[in-house]
$ cat query.txt   # compact mmCIF, N, CA and C atoms
# COMPACT_ATOMS: atom_id res chain seq x y z
N MET A 1 21.29 81.20 8.70
CA MET A 1 20.88 80.18 7.79
C MET A 1 21.84 79.02 7.75
N ALA A 2 23.04 79.26 8.19
CA ALA A 2 24.03 78.19 8.20
C ALA A 2 23.64 77.13 9.20
N ALA A 3 22.95 77.49 10.28
CA ALA A 3 22.54 76.53 11.29
C ALA A 3 21.36 75.69 10.80
N ALA A 4 20.55 76.25 9.94
CA ALA A 4 19.39 75.53 9.43
C ALA A 4 19.82 74.44 8.44
N GLU A 5 20.95 74.65 7.80
CA GLU A 5 21.42 73.69 6.79
C GLU A 5 21.75 72.33 7.40
N PRO A 6 22.51 72.24 8.51
CA PRO A 6 22.77 70.92 9.11
C PRO A 6 21.49 70.25 9.60
N GLN A 7 20.54 71.06 10.12
CA GLN A 7 19.28 70.50 10.58
C GLN A 7 18.50 69.92 9.41
N ALA A 8 18.53 70.57 8.28
CA ALA A 8 17.82 70.08 7.09
C ALA A 8 18.45 68.77 6.62
N ARG A 9 19.81 68.73 6.63
CA ARG A 9 20.47 67.48 6.23
C ARG A 9 20.15 66.35 7.21
N PHE A 10 20.10 66.69 8.50
CA PHE A 10 19.77 65.69 9.52
C PHE A 10 18.34 65.19 9.32
N GLY A 11 17.43 66.10 9.03
CA GLY A 11 16.03 65.74 8.80
C GLY A 11 15.89 64.84 7.58
N GLN A 12 16.63 65.16 6.53
CA GLN A 12 16.58 64.34 5.32
C GLN A 12 17.20 62.97 5.59
N SER A 13 18.28 62.97 6.39
CA SER A 13 18.93 61.71 6.74
C SER A 13 17.98 60.82 7.53
N VAL A 14 17.27 61.42 8.51
CA VAL A 14 16.31 60.67 9.31
C VAL A 14 15.17 60.16 8.43
N LYS A 15 14.69 61.00 7.53
CA LYS A 15 13.62 60.59 6.62
C LYS A 15 14.09 59.44 5.73
N GLY A 16 15.32 59.53 5.27
CA GLY A 16 15.87 58.46 4.42
C GLY A 16 15.98 57.15 5.19
N LEU A 17 16.50 57.22 6.43
CA LEU A 17 16.61 56.02 7.26
C LEU A 17 15.23 55.44 7.58
N LEU A 18 14.30 56.34 7.89
CA LEU A 18 12.94 55.90 8.19
C LEU A 18 12.31 55.23 6.96
N SER A 19 12.54 55.81 5.81
CA SER A 19 12.02 55.25 4.57
C SER A 19 12.63 53.87 4.32
N GLU A 20 13.93 53.72 4.56
CA GLU A 20 14.59 52.42 4.38
C GLU A 20 14.02 51.39 5.35
N LYS A 21 13.82 51.81 6.61
CA LYS A 21 13.29 50.89 7.61
C LYS A 21 11.86 50.47 7.26
N VAL A 22 11.05 51.41 6.80
CA VAL A 22 9.67 51.08 6.40
C VAL A 22 9.70 50.11 5.23
N SER A 23 10.58 50.37 4.27
CA SER A 23 10.70 49.49 3.11
C SER A 23 11.14 48.09 3.53
N ALA A 24 12.15 48.01 4.41
CA ALA A 24 12.62 46.71 4.89
C ALA A 24 11.53 45.99 5.67
N CYS A 25 10.80 46.73 6.48
CA CYS A 25 9.71 46.15 7.27
C CYS A 25 8.61 45.63 6.35
N THR A 26 8.29 46.38 5.32
CA THR A 26 7.28 45.96 4.35
C THR A 26 7.72 44.69 3.64
N THR A 27 8.97 44.62 3.26
CA THR A 27 9.52 43.43 2.61
C THR A 27 9.43 42.23 3.54
N ASP A 28 9.76 42.46 4.82
CA ASP A 28 9.68 41.37 5.80
C ASP A 28 8.24 40.90 6.00
N VAL A 29 7.29 41.83 6.03
CA VAL A 29 5.88 41.47 6.19
C VAL A 29 5.41 40.67 4.98
N ILE A 30 5.83 41.08 3.80
CA ILE A 30 5.46 40.34 2.58
C ILE A 30 6.03 38.93 2.62
N ALA A 31 7.32 38.82 3.00
CA ALA A 31 7.95 37.50 3.10
C ALA A 31 7.23 36.63 4.14
N LEU A 32 6.88 37.23 5.28
CA LEU A 32 6.17 36.49 6.32
C LEU A 32 4.80 36.03 5.83
N THR A 33 4.10 36.89 5.14
CA THR A 33 2.79 36.53 4.59
C THR A 33 2.91 35.38 3.61
N LYS A 34 3.91 35.45 2.73
CA LYS A 34 4.13 34.35 1.78
C LYS A 34 4.41 33.05 2.51
N GLN A 35 5.21 33.11 3.56
CA GLN A 35 5.55 31.91 4.33
C GLN A 35 4.32 31.34 5.02
N ILE A 36 3.48 32.21 5.56
CA ILE A 36 2.25 31.76 6.22
C ILE A 36 1.33 31.09 5.19
N LEU A 37 1.21 31.72 4.02
CA LEU A 37 0.37 31.12 2.97
C LEU A 37 0.93 29.79 2.52
N LYS A 38 2.25 29.72 2.41
CA LYS A 38 2.89 28.47 2.01
C LYS A 38 2.64 27.40 3.07
N GLY A 39 2.74 27.79 4.35
CA GLY A 39 2.46 26.85 5.44
C GLY A 39 1.02 26.40 5.42
N SER A 40 0.11 27.31 5.13
CA SER A 40 -1.30 26.97 5.05
C SER A 40 -1.53 25.99 3.90
N ARG A 41 -0.88 26.24 2.79
CA ARG A 41 -1.01 25.35 1.63
C ARG A 41 -0.41 23.98 1.95
N SER A 42 0.72 23.99 2.68
CA SER A 42 1.33 22.73 3.09
C SER A 42 0.38 21.94 3.97
N SER A 43 -0.30 22.65 4.87
CA SER A 43 -1.25 21.99 5.75
C SER A 43 -2.39 21.38 4.94
N GLU A 44 -2.87 22.11 3.95
CA GLU A 44 -3.93 21.59 3.09
C GLU A 44 -3.45 20.34 2.35
N LEU A 45 -2.23 20.41 1.83
CA LEU A 45 -1.68 19.27 1.09
C LEU A 45 -1.51 18.06 2.01
N LEU A 46 -1.06 18.30 3.23
CA LEU A 46 -0.91 17.20 4.18
C LEU A 46 -2.27 16.58 4.51
N GLY A 47 -3.27 17.41 4.68
CA GLY A 47 -4.62 16.91 4.94
C GLY A 47 -5.14 16.09 3.78
N GLN A 48 -4.91 16.58 2.58
CA GLN A 48 -5.34 15.85 1.39
C GLN A 48 -4.59 14.53 1.26
N ALA A 49 -3.29 14.55 1.54
CA ALA A 49 -2.49 13.33 1.48
C ALA A 49 -3.00 12.31 2.51
N ALA A 50 -3.36 12.78 3.69
CA ALA A 50 -3.90 11.89 4.73
C ALA A 50 -5.21 11.27 4.28
N ARG A 51 -6.09 12.09 3.68
CA ARG A 51 -7.36 11.56 3.18
C ARG A 51 -7.13 10.53 2.09
N ASN A 52 -6.20 10.83 1.18
CA ASN A 52 -5.89 9.88 0.11
C ASN A 52 -5.34 8.57 0.67
N MET A 53 -4.52 8.69 1.71
CA MET A 53 -3.94 7.49 2.32
C MET A 53 -5.03 6.63 2.95
N VAL A 54 -6.00 7.26 3.60
CA VAL A 54 -7.10 6.52 4.19
C VAL A 54 -7.90 5.81 3.11
N MET A 55 -8.13 6.50 2.00
CA MET A 55 -8.86 5.88 0.89
C MET A 55 -8.08 4.70 0.33
N GLN A 56 -6.75 4.87 0.19
CA GLN A 56 -5.91 3.78 -0.29
C GLN A 56 -5.96 2.59 0.67
N GLU A 57 -5.91 2.89 1.96
CA GLU A 57 -5.95 1.83 2.96
C GLU A 57 -7.26 1.06 2.87
N ASP A 58 -8.37 1.77 2.69
CA ASP A 58 -9.67 1.11 2.53
C ASP A 58 -9.67 0.22 1.29
N SER A 59 -9.10 0.72 0.21
CA SER A 59 -9.04 -0.07 -1.03
C SER A 59 -8.18 -1.32 -0.83
N ILE A 60 -7.08 -1.16 -0.12
CA ILE A 60 -6.20 -2.31 0.13
C ILE A 60 -6.92 -3.34 0.99
N LEU A 61 -7.62 -2.89 2.02
CA LEU A 61 -8.35 -3.83 2.88
C LEU A 61 -9.45 -4.54 2.09
N HIS A 62 -10.12 -3.81 1.23
CA HIS A 62 -11.18 -4.41 0.40
C HIS A 62 -10.57 -5.43 -0.55
N SER A 63 -9.43 -5.09 -1.15
CA SER A 63 -8.75 -6.02 -2.06
C SER A 63 -8.29 -7.27 -1.31
N GLU A 64 -7.78 -7.08 -0.11
CA GLU A 64 -7.34 -8.22 0.70
C GLU A 64 -8.52 -9.14 1.00
N ASP A 65 -9.66 -8.56 1.34
CA ASP A 65 -10.85 -9.34 1.62
C ASP A 65 -11.30 -10.10 0.37
N SER A 66 -11.26 -9.42 -0.78
CA SER A 66 -11.65 -10.07 -2.03
C SER A 66 -10.72 -11.23 -2.36
N LEU A 67 -9.41 -11.05 -2.14
CA LEU A 67 -8.46 -12.12 -2.40
C LEU A 67 -8.70 -13.31 -1.47
N ARG A 68 -9.02 -13.04 -0.23
CA ARG A 68 -9.32 -14.12 0.73
C ARG A 68 -10.55 -14.90 0.25
N LYS A 69 -11.58 -14.20 -0.18
CA LYS A 69 -12.79 -14.87 -0.68
C LYS A 69 -12.49 -15.68 -1.94
N MET A 70 -11.68 -15.10 -2.83
CA MET A 70 -11.32 -15.82 -4.05
C MET A 70 -10.53 -17.09 -3.73
N SER A 71 -9.70 -17.04 -2.72
CA SER A 71 -8.94 -18.22 -2.30
C SER A 71 -9.88 -19.31 -1.81
N ILE A 72 -10.89 -18.93 -1.05
CA ILE A 72 -11.87 -19.90 -0.56
C ILE A 72 -12.64 -20.51 -1.73
N ILE A 73 -13.05 -19.67 -2.67
CA ILE A 73 -13.78 -20.16 -3.85
C ILE A 73 -12.90 -21.11 -4.66
N THR A 74 -11.62 -20.77 -4.81
CA THR A 74 -10.70 -21.64 -5.55
C THR A 74 -10.59 -23.01 -4.88
N THR A 75 -10.49 -23.02 -3.56
CA THR A 75 -10.42 -24.29 -2.83
C THR A 75 -11.68 -25.11 -3.06
N HIS A 76 -12.84 -24.48 -3.00
CA HIS A 76 -14.10 -25.19 -3.23
C HIS A 76 -14.17 -25.74 -4.66
N LEU A 77 -13.71 -24.94 -5.62
CA LEU A 77 -13.71 -25.41 -7.01
C LEU A 77 -12.77 -26.59 -7.19
N GLN A 78 -11.64 -26.59 -6.49
CA GLN A 78 -10.73 -27.73 -6.58
C GLN A 78 -11.38 -28.99 -6.02
N TYR A 79 -12.10 -28.86 -4.89
CA TYR A 79 -12.81 -30.01 -4.32
C TYR A 79 -13.85 -30.54 -5.31
N GLN A 80 -14.58 -29.62 -5.94
CA GLN A 80 -15.60 -30.02 -6.91
C GLN A 80 -14.96 -30.71 -8.11
N GLN A 81 -13.83 -30.17 -8.56
CA GLN A 81 -13.13 -30.78 -9.69
C GLN A 81 -12.70 -32.21 -9.35
N GLU A 82 -12.16 -32.40 -8.16
CA GLU A 82 -11.74 -33.74 -7.73
C GLU A 82 -12.94 -34.69 -7.68
N ALA A 83 -14.06 -34.21 -7.16
CA ALA A 83 -15.26 -35.04 -7.07
C ALA A 83 -15.75 -35.41 -8.47
N ILE A 84 -15.72 -34.46 -9.38
CA ILE A 84 -16.16 -34.73 -10.76
C ILE A 84 -15.23 -35.75 -11.41
N GLN A 85 -13.93 -35.60 -11.20
CA GLN A 85 -12.97 -36.56 -11.79
C GLN A 85 -13.20 -37.97 -11.24
N LYS A 86 -13.48 -38.08 -9.94
CA LYS A 86 -13.76 -39.39 -9.36
C LYS A 86 -15.01 -39.99 -9.98
N LYS A 87 -16.06 -39.18 -10.14
CA LYS A 87 -17.31 -39.67 -10.75
C LYS A 87 -17.06 -40.13 -12.18
N VAL A 88 -16.28 -39.32 -12.93
CA VAL A 88 -15.99 -39.68 -14.32
C VAL A 88 -15.23 -40.99 -14.37
N CYS A 89 -14.25 -41.16 -13.48
CA CYS A 89 -13.49 -42.42 -13.45
C CYS A 89 -14.40 -43.59 -13.11
N MET A 90 -15.35 -43.39 -12.18
CA MET A 90 -16.28 -44.47 -11.83
C MET A 90 -17.18 -44.80 -13.02
N ILE A 91 -17.66 -43.79 -13.71
CA ILE A 91 -18.55 -44.02 -14.86
C ILE A 91 -17.78 -44.73 -15.97
N ILE A 92 -16.56 -44.28 -16.22
CA ILE A 92 -15.75 -44.91 -17.28
C ILE A 92 -15.43 -46.35 -16.88
N GLY A 93 -15.14 -46.57 -15.61
CA GLY A 93 -14.86 -47.94 -15.15
C GLY A 93 -16.08 -48.83 -15.33
N ARG A 94 -17.26 -48.36 -14.99
CA ARG A 94 -18.49 -49.14 -15.17
C ARG A 94 -18.77 -49.36 -16.65
N TRP A 95 -18.55 -48.30 -17.42
CA TRP A 95 -18.83 -48.39 -18.85
C TRP A 95 -17.89 -49.40 -19.52
N SER A 96 -16.59 -49.35 -19.15
CA SER A 96 -15.65 -50.27 -19.78
C SER A 96 -15.92 -51.71 -19.34
N SER A 97 -16.32 -51.92 -18.10
CA SER A 97 -16.63 -53.28 -17.65
C SER A 97 -17.91 -53.78 -18.33
N THR A 98 -18.87 -52.89 -18.51
CA THR A 98 -20.10 -53.26 -19.21
C THR A 98 -19.80 -53.53 -20.67
N TRP A 99 -18.95 -52.77 -21.25
CA TRP A 99 -18.58 -52.92 -22.66
C TRP A 99 -17.86 -54.22 -22.88
N LYS A 100 -17.01 -54.60 -21.93
CA LYS A 100 -16.28 -55.87 -22.04
C LYS A 100 -17.25 -57.04 -21.94
N SER A 101 -18.25 -56.93 -21.10
CA SER A 101 -19.18 -58.03 -20.93
C SER A 101 -20.11 -58.18 -22.14
N VAL A 102 -20.34 -57.10 -22.85
CA VAL A 102 -21.20 -57.12 -24.02
C VAL A 102 -20.48 -57.79 -25.17
N LYS A 103 -19.18 -57.62 -25.28
CA LYS A 103 -18.41 -58.19 -26.39
C LYS A 103 -18.39 -59.64 -26.27

$ encode --input "query.txt" --output "C-alpha cells"
Amino acid sequence: MAAAEPQARFGQSVKGLLSEKVSACTTDVIALTKQILKGSRSSELLGQAARNMVMQEDSILHSEDSLRKMSIITTHLQYQQEAIQKKVCMIIGRWSSTWKSVK
C-alpha cells in the first residue's frame, strides 16, 4: 500500500494541474471572446461614425449651396435697390423742378 500512496498523490497532482490549466484556458477564452465582441462593437461604431460623417458632409454641401444662392440673391437685391434709388432721385428731381416752376 505504500507504493499506491505516491501514485495517488501524483494522480491528484496531475488532476490539480489539469484543473488549473482548464481554468486558465477558460479564462483566456472568455477574455478572447470579450475582445472579439469589443472589436465587433468598435467596427459597428466606426461604421456608424462613417455614416454620420457622410450625412454631415451632405449637410455641409447643401448649406454651401444655399449660401451661394443667398449671395446671388443679395447681389440682385442690391442692384434693385440702386435702381430704385436712382428712380426716386429722378422723381424727386422732376418734382422739385416742377414745384419751383409752379411757385

$ atom_distance --input "query.txt" --atom1 "CA of Val29 in chain A" --atom2 "CA of Ser42 in chain A"
19.5 Å

$ atom_distance --input "query.txt" --atom1 "atom N of Arg41 in chain A" --atom2 "atom C of Ala24 in chain A"
23.5 Å

$ closest_atom_pairs --input "query.txt" --of "range 21-75 of chain A" --to "range 80-86 of chain A" --cutoff "12 Å" --atoms "only C-alpha atoms" --output "CSV"
residue,atom,partner,partner_atom,distance
A:Ile73,CA,A:Gln80,CA,10.5
A:Thr74,CA,A:Gln80,CA,9.8
A:Thr75,CA,A:Gln80,CA,8.7

$ atom_distance --input "query.txt" --atom1 "CA of Asp65 in chain A" --atom2 "CA of Leu77 in chain A"
18.5 Å

$ axis_aligned_box --input "query.txt" --around "range 47-55 of chain A" --padding-each-side "3 Å" --output "lines of an AutoDock Vina configuration file"
center_x = -5.7
center_y = 11.1
center_z = 2.5
size_x = 12.4
size_y = 18.7
size_z = 10.8

$ decode --input "query.txt" --residues "chain A" --atoms "C-alpha atoms" --output "CSV table (one decimal), in the first residue's frame"
chain,number,residue,atom,x,y,z
A,1,MET,CA,0.0,0.0,0.0
A,2,ALA,CA,3.0,2.3,0.4
A,3,ALA,CA,3.5,2.2,-3.3
A,4,ALA,CA,-0.1,3.2,-4.1
A,5,GLU,CA,0.2,6.3,-1.9
A,6,PRO,CA,2.8,8.1,-4.1
A,7,GLN,CA,0.7,7.2,-7.2
A,8,ALA,CA,-2.4,8.6,-5.6
A,9,ARG,CA,-0.5,11.9,-4.8
A,10,PHE,CA,0.8,12.0,-8.3
A,11,GLY,CA,-2.7,11.5,-9.7
A,12,GLN,CA,-4.1,14.2,-7.5
A,13,SER,CA,-1.2,16.5,-8.5
A,14,VAL,CA,-1.9,15.9,-12.2
A,15,LYS,CA,-5.6,16.4,-11.7
A,16,GLY,CA,-4.9,19.7,-9.9
A,17,LEU,CA,-2.6,20.9,-12.6
A,18,LEU,CA,-5.1,19.8,-15.3
A,19,SER,CA,-7.8,21.7,-13.4
A,20,GLU,CA,-5.6,24.8,-13.2
A,21,LYS,CA,-4.8,24.6,-16.9
A,22,VAL,CA,-8.5,24.2,-17.8
A,23,SER,CA,-9.4,27.1,-15.6
A,24,ALA,CA,-6.7,29.3,-17.1
A,25,CYS,CA,-7.8,28.2,-20.6
A,26,THR,CA,-11.4,29.1,-19.8
A,27,THR,CA,-10.4,32.5,-18.6
A,28,ASP,CA,-8.3,33.1,-21.7
A,29,VAL,CA,-11.3,32.0,-23.9
A,30,ILE,CA,-13.6,34.4,-22.0
A,31,ALA,CA,-11.1,37.3,-22.4
A,32,LEU,CA,-10.7,36.5,-26.1
A,33,THR,CA,-14.5,36.4,-26.6
A,34,LYS,CA,-14.8,39.8,-24.8
A,35,GLN,CA,-12.1,41.2,-27.0
A,36,ILE,CA,-13.8,39.9,-30.2
A,37,LEU,CA,-17.1,41.4,-29.1
A,38,LYS,CA,-15.4,44.7,-28.2
A,39,GLY,CA,-13.8,44.7,-31.7
A,40,SER,CA,-17.1,43.9,-33.3
A,41,ARG,CA,-18.7,46.8,-31.4
A,42,SER,CA,-15.8,49.0,-32.4
A,43,SER,CA,-16.4,48.1,-36.0
A,44,GLU,CA,-20.1,49.0,-35.6
A,45,LEU,CA,-19.2,52.3,-34.1
A,46,LEU,CA,-16.8,53.1,-36.8
A,47,GLY,CA,-19.4,52.3,-39.4
A,48,GLN,CA,-21.9,54.5,-37.7
A,49,ALA,CA,-19.4,57.3,-37.4
A,50,ALA,CA,-18.7,57.0,-41.2
A,51,ARG,CA,-22.4,57.1,-42.0
A,52,ASN,CA,-22.8,60.2,-39.7
A,53,MET,CA,-19.8,61.8,-41.4
A,54,VAL,CA,-21.3,61.3,-44.8
A,55,MET,CA,-24.6,62.8,-43.6
A,56,GLN,CA,-22.7,65.8,-42.2
A,57,GLU,CA,-20.8,66.2,-45.4
A,58,ASP,CA,-24.1,66.3,-47.4
A,59,SER,CA,-25.5,68.9,-45.0
A,60,ILE,CA,-22.4,71.0,-45.3
A,61,LEU,CA,-22.6,70.8,-49.2
A,62,HIS,CA,-26.2,71.7,-49.1
A,63,SER,CA,-25.5,74.6,-46.7
A,64,GLU,CA,-22.7,75.8,-49.0
A,65,ASP,CA,-25.0,75.7,-52.0
A,66,SER,CA,-27.7,77.6,-50.1
A,67,LEU,CA,-25.1,80.3,-49.1
A,68,ARG,CA,-24.0,80.6,-52.7
A,69,LYS,CA,-27.6,81.1,-53.8
A,70,MET,CA,-28.2,83.6,-51.0
A,71,SER,CA,-25.2,85.6,-52.1
A,72,ILE,CA,-26.5,85.8,-55.7
A,73,ILE,CA,-29.9,86.9,-54.4
A,74,THR,CA,-28.2,89.6,-52.2
A,75,THR,CA,-26.4,90.9,-55.2
A,76,HIS,CA,-29.6,91.1,-57.2
A,77,LEU,CA,-31.3,92.9,-54.4
A,78,GLN,CA,-28.5,95.4,-54.2
A,79,TYR,CA,-28.9,96.1,-57.9
A,80,GLN,CA,-32.6,96.6,-57.5
A,81,GLN,CA,-32.1,98.9,-54.5
A,82,GLU,CA,-29.7,101.0,-56.6
A,83,ALA,CA,-32.2,101.2,-59.4
A,84,ILE,CA,-35.0,102.2,-57.1
A,85,GLN,CA,-32.8,104.9,-55.5
A,86,LYS,CA,-32.0,106.3,-58.9
A,87,LYS,CA,-35.7,106.3,-59.9
A,88,VAL,CA,-36.6,108.0,-56.6
A,89,CYS,CA,-33.9,110.7,-57.2
A,90,MET,CA,-35.2,111.3,-60.7
A,91,ILE,CA,-38.7,111.6,-59.5
A,92,ILE,CA,-37.7,113.9,-56.7
A,93,GLY,CA,-35.6,116.0,-59.1
A,94,ARG,CA,-38.6,116.3,-61.5
A,95,TRP,CA,-41.0,117.0,-58.7
A,96,SER,CA,-38.7,119.8,-57.2
A,97,SER,CA,-38.2,121.4,-60.6
A,98,THR,CA,-42.0,121.3,-61.2
A,99,TRP,CA,-42.6,122.7,-57.8
A,100,LYS,CA,-40.2,125.5,-58.4
A,101,SER,CA,-41.9,126.4,-61.7
A,102,VAL,CA,-45.3,126.4,-60.0
A,103,LYS,CA,-44.3,128.9,-57.3
